[in-house]
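To start, the structure under review is shown below, and the notes come after it.
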Amino acid sequence: MTEVQQQIRDLEEQWPVRSSETPFQGRVTGVRTDEVLMPDGSYARRDYQTHPGSVSVLALDEHQRVLILRQYRHPVRQRLWELPAGLLDVPGENPLHAAQRELYEEAHCKAGEWRVLVDFYTSPGGTDEALRLFLATDLAEVEGERYAAHGEELEIETARVPVEELVRLILAGGLHNPTLITGTLALYAALNGPGLASLRPAEAPWPARPFDAA
């Protein structure tokens with residue numbers, strides 16, 4: 001690891017919290033309020049969404065096309081093109097297993113090769129959600145019946161779009177889902193830089209959401 005790589009890294013840190021409460025807890029997420037000690041000695045209130053974590057899949061076919069889905073997202077009142085994604089419903093759940101499940105349920109696909117494309121916090125100023133984004137290649141359709149969709153997933157649309165075309169659409173302001181944007185640009189950087197072989201293995205450690213690799 002170079003000196004720059006050692007210096008430009010996110011660091012784990014915990015500022016003192018005087019009080020903490022959860023005024024709302026939903027089925028999956030909640031809202032937490034912490035009073036956090038600031039560097040000047042004062043305390044500031046920080047409200048944020050608690051989240052179990054999530055996974056997403058950038059599925060790349062043999063023609064260098066990305067599998068994307070479009071579905072309705074009520075908070076922004078739009079149908080957004082996205083990548084297959086889902087929650088880590090079980091504490092300590094293996095994120096690879098969850099990603100494989102989501103690729104099957106949302107796209108009726110499976111993949112022969114898996115790598116970690118990128119890990120990120122979706123909106124660290126407002127939620128503790130951590131997301132692991134996998135690159136899946138060697139794609140094939142799953143045999144048998146499709147997963148029984150519900151809710152917004154009943155009207156999912158699918159498409160396969162070349163990587164470079166997705167980059168153009170992102171830069172033109174036509175796509176807005178953060179996971180799709182992050183994954184596409186990370187993939188483009190890998191393809192035009194160190195190559196896909198430089199990506200981490202699918203079972204690479206994930207300190208933000210530790211899991212059992214079994």
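Identifiers for the structure tokens are assigned positionally: chains receive A, B, ... in sequence, residues are indexed from 1 per chain, and ligands are indexed from 1 in the order shown.
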
key: Spatial neighbours of Ser123 of chain A, 10 Å, only C-alpha atoms, chain gap at least 5 places, as a list in words   = Tyr48, Gln49, Asp128, Glu129, Ala130 and Pro178 of chain A

inquiry  = Considering only strand (DSSP E or B) as DSSP defines it on the backbone, what residues of segment 62-149 of chain A qualify? List them as a PyMOL selection string.
reply    = chain A and resi 65-73+78-82+85-87+109-121+127+130-141

inquiry  = At a cut-off of 7 Å, using only C-alpha atoms, what residues contact Leu83 of chain A? Leave out same-chain residues fewer than 6 positions from it and give the result as a ChimeraX atom specification.
reply    = /A:56-58,68-69,180

For the residues in that selection, give me N, CA, C and O atoms as an mmCIF file, in the first residue's frame.
data_model
loop_
_atom_site.group_PDB
_atom_site.id
_atom_site.type_symbol
_atom_site.label_atom_id
_atom_site.label_comp_id
_atom_site.auth_asym_id
_atom_site.auth_seq_id
_atom_site.Cartn_x
_atom_site.Cartn_y
_atom_site.Cartn_z
ATOM 1 N N SER A 56 -26.705 -4.773 -3.469
ATOM 2 C CA SER A 56 -27.159 -4.527 -4.827
ATOM 3 C C SER A 56 -26.254 -5.299 -5.781
ATOM 4 O O SER A 56 -25.146 -5.721 -5.410
ATOM 5 N N VAL A 57 -26.746 -5.485 -7.009
ATOM 6 C CA VAL A 57 -26.029 -6.300 -7.998
ATOM 7 C C VAL A 57 -25.937 -5.558 -9.319
ATOM 8 O O VAL A 57 -26.966 -5.168 -9.895
ATOM 9 N N LEU A 58 -24.724 -5.338 -9.790
ATOM 10 C CA LEU A 58 -24.526 -4.888 -11.162
ATOM 11 C C LEU A 58 -24.236 -6.141 -11.976
ATOM 12 O O LEU A 58 -23.150 -6.713 -11.882
ATOM 13 N N ILE A 68 -30.686 -3.598 -15.880
ATOM 14 C CA ILE A 68 -31.285 -2.577 -15.027
ATOM 15 C C ILE A 68 -32.796 -2.784 -14.941
ATOM 16 O O ILE A 68 -33.405 -3.419 -15.808
ATOM 17 N N LEU A 69 -33.372 -2.243 -13.876
ATOM 18 C CA LEU A 69 -34.801 -2.369 -13.605
ATOM 19 C C LEU A 69 -35.385 -0.983 -13.388
ATOM 20 O O LEU A 69 -34.727 -0.108 -12.843
ATOM 21 N N LEU A 180 -27.173 2.869 -8.902
ATOM 22 C CA LEU A 180 -26.915 2.694 -10.333
ATOM 23 C C LEU A 180 -25.776 3.600 -10.790
ATOM 24 O O LEU A 180 -24.880 3.170 -11.526
#

task = Grab the atom CA of Leu133 of chain A to atom CA of Glu155 of chain A distance for me, in Å with one decimal place.
result =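 Taking atom CA of Leu133 of chain A and atom CA of Glu155 of chain A, their separation equals 23.6 Å.
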
task = Just give me the gap between atom CA of Val76 of chain A and atom CA of Gln25 of chain A in Å, one decimal is fine.
result =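 Rounded to one decimal, the two atoms are 21.8 Å apart.
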
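Here the question is which of A:Arg209, A:Arg65, A:Arg46, A:Arg79 gets nearest to Gly126 of chain A using only C-alpha atoms, and that residue is A:Arg46.
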
Point-to-point distance in Å for atom CA of Asn177 of chain A and atom CA of Asp138 of chain A =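 Going from atom CA of Asp138 of chain A over to atom CA of Asn177 of chain A covers 24.6 Å.
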
Give me the residues of segment 21-87 of chain A that have any atom at most 6 Å from an atom of segment 93-112 of chain A; for each, the nearest atom pair and the distance in Å, rounded to one decimal. Use only C-alpha atoms, sort by chain and number, and format it as JSON lines.
{"residue": "A:Val55", "atom": "CA", "partner": "A:Ala99", "partner_atom": "CA", "distance": 5.8}
{"residue": "A:Pro84", "atom": "CA", "partner": "A:Leu103", "partner_atom": "CA", "distance": 5.9}
{"residue": "A:Ala85", "atom": "CA", "partner": "A:Glu102", "partner_atom": "CA", "distance": 5.9}

Residue nearest Pro207 of chain A among A:Ala44, A:Leu131, A:Ala136, A:Val31 (counting only C-alpha atoms) =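 Distance minimum relative to Pro207 of chain A lands on A:Leu131.
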
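Nearest to Trp206 of chain A of all the residues A:Asp34, A:Asp119, A:Glu12, A:Glu145 is A:Asp119, based on only C-alpha atoms.
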